[in-house]
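Undergrad: Mind looking over this structure? Questions follow.
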Amino acid sequence: MKKAFCLIMLATTLLLNSYAVPVQNDPPAGWLKKTTDVIAFQLNKASQTYKPGQNPRSVNPNGTVRLAGLTDWTTGFFPGSLWYGYELTGDEQLAAEAKKFTLALDSIRNITNTHDLGFMLYCSYGNAFRLTGDKSYLPVLADGAKHLAARFNPKVGVIRSWDFAWWHYPVIIDNMMNLEYLYWGAKTFNNPNYTTIANTHATTTMKNHYRKDFSSYHVVDYDATTGKIIKKATHQGLTDESAWARGQAWGLYGFTMCYKNSKNPAFLAQAENIARFIMNHPSLQKNKIPAWDLDVHNADDLDTDGAAPRDASAAAVIASALLDLSTQVKDGQKYFNYAEDILKTLSSDAYLAKPGENQYFLLKHSVGAFLYNSEIDTPLDYADYYYLEALNRYKKIKG
Ligand code: GLY
């Protein structure tokens, strides 16, 4: 009996040491209760206001809602937010709405011309399956994973992101996010090739997208025949050499998630280096909600009054990624604390909508593509999605 007790204690100690959960010494989070109430109200209203298949994406400058149709890269986020809202609040009505908004995306299973299938299907159908275990969601997920994997070119070692515009074989840092779908698909559909593709894409991206300071380029354009790099550039950042805020967030999230799935220590080192770049960045010392590009503060033409638009979506992705990272390392407290600061700021009146406002989006103040004059200082469906994911992760870690 005594021996069994000692063994259990030893196993528990080993488990706790290998899976370091941050120290929990904060007082109970009153802000989280208030935030959860706002979320339940907004998501219920949104699900009654919008129609399945035409999901709310952002708010136009004239105050009307920009909707995401079935081919829009963001279309999976609203159903995903409803699922995360259900997980956070336990509100069964949200689960029923989430199901309707998810099933309306069925035809995305046939799309082959974009890497965004991870965002579109894993955030919607993936969460539906995760939370319900309902196998009827799987055929759509199987088709999407197959089409995403088919965009991998072994000669280049990466999945092609876009089929449009002037690029040859463009790969954007955002593409790291879609790898989670493949890691999951490898296990669910018993296809180890998906794991190989995800690991190879991450390794190539680590080599070619990152600068010495662990900031990343947005786009790397390859020659599809030789695999050689043609150009390193930006699409949504300030300049080719700048650190577009959401790109840094996608990379941090992506390498943390790749480490979690592969246990490749190189991915963990990359994630921690990216985290250090973000957390030590001079422009984030006073305010942890980044401007839309971290280098915008050095650009006189865009930031002369110190009021560059902030991007809550980047902050939400960073918070979610850091919470994940905090559970993967022994000294995760610093990541947890940083994420908690972001979540408290996003949950303050400065960022979180009041019930009934903001066209029923949760967060205000994100930026889509500043230099295209598109979606500046607006709510965004993916800001809400990653904010909800981060809140769920926060709640689980706090216990
Ligand atoms: N994936 C596109 C964006 O982050 O704006």
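By order of appearance in the structure tokens: chains A, B, ..., then residues from 1 within every chain, and ligands from 1 in the order shown.
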Enumerate, as a count of residues only, the complete set of residues in region 36-237 of chain A that a backbone-based DSSP assignment places in helix (DSSP H, G or I).
TA: 108
Undergrad: Region 1-215 of chain A: which residues are strand (DSSP E or B) by DSSP, as a PyMOL selection string?
TA: chain A and resi 51+54-59+65-68+152-153+158-159+170-172+210
Undergrad: Distance limit 8 Å, reference ligand 1, atoms considered: only C-alpha atoms and all ligand atoms. Which residues make the cut? Give them as a list in words.
TA: Trp73, Asp116, Asp174, Asn175, Gln236, Arg246, Gly247, Trp250, Gly368 and Ala369 of chain A
Undergrad: Extract, using only C-alpha atoms, all DNA, RNA and protein residues at most 7 Å from region 339-349 of chain A, discarding same-chain residues fewer than 3 positions from it, and format them as a list in words.
TA: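 These residues fall inside the cut-off: Thr35, Lys288, Ile289, Ala315, Ala319, Leu322, Leu323, Tyr335, Phe336, Leu352 and Ala353 of chain A.
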Undergrad: What gap, in Å, lies between CA of Ile39 (chain A) and CA of Leu362 (chain A)?
TA: 6.7 Å
Undergrad: Env of region 201-213 of chain A: 9 Å cut, atoms = only C-alpha atoms, seq-sep filter 6 positions within chain, self excluded. Answer as a list in words.
TA: Phe152, Val156, Gly157, Val158, Ile159, Val171, Ile172, Ile173, Asn175, Met176, Leu179, Val219, Val220, Ile229, Lys232, Gly254, Phe255, Cys258, Ala266, Phe267, Gln270, Asn273, Ile274 and Phe277 of chain A
Undergrad: I need the residue nearest Ala312 (chain A) from this list: A:Ala275, A:Met177, A:Ala249, A:Leu371. Use only C-alpha atoms for the distance.
TA: A:Ala249
Undergrad: Considering only C-alpha atoms, state which residue in the set A:Arg57, A:His235, A:His281, A:Lys34 is at the smallest distance from Asp381 (chain A).
TA: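 Checking each of A:Arg57, A:His235, A:His281, A:Lys34 against Asp381 (chain A), counting only C-alpha atoms, the winner is A:Arg57.
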Undergrad: Between CA of Ala316 (chain A) and CA of Tyr387 (chain A), measure the distance and give it in Å to one decimal.
TA: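 We find that CA of Ala316 (chain A) and CA of Tyr387 (chain A) lie 4.8 Å from each other.
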Undergrad: Leu94 (chain A): which residues within 9 Å, counting only C-alpha atoms, same-chain residues fewer than 2 positions away excluded, as a list of chain:residue names?
TA: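 Non-adjacent residues within range: A:Ala40, A:Leu43, A:Asn44, A:Ser47, A:Leu82, A:Trp83, A:Gly85, A:Tyr86, A:Thr89, A:Gly90, A:Asp91, A:Glu92, A:Ala96, A:Glu97, A:Ala98, A:Lys99.
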Undergrad: Give me, as a list in words, all polymer residues having an atom no more than 7 Å from region 65-67 of chain A, counting only C-alpha atoms and skipping those fewer than 6 positions away in the same chain.
TA: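 In the requested format, the answer is Gln54, Asn55, Pro56, Arg57, Ser58 and Val59 of chain A.
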Undergrad: From the set A:Thr71, A:Ser320, A:Thr234, A:Thr195, which residue has the shortest atom-to-atom contact distance to Ser262 (chain A), counting only C-alpha atoms?
TA: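 Ranking A:Thr71, A:Ser320, A:Thr234, A:Thr195 by distance to Ser262 (chain A), first place goes to A:Thr195.
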Undergrad: Quick check, in Å to one decimal: how far apart do CA of Gly118 (chain A) and CA of Gly332 (chain A) lie?
TA: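 These atoms are spaced 27.5 Å apart.
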Undergrad: Here is a test: counting only C-alpha atoms, which residue of A:Asn392, A:Thr112, A:Ser374, A:Asn60 is nearest to Lys146 (chain A)?
TA: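 Once distances to Lys146 (chain A) are computed over only C-alpha atoms, the minimum belongs to A:Thr112.
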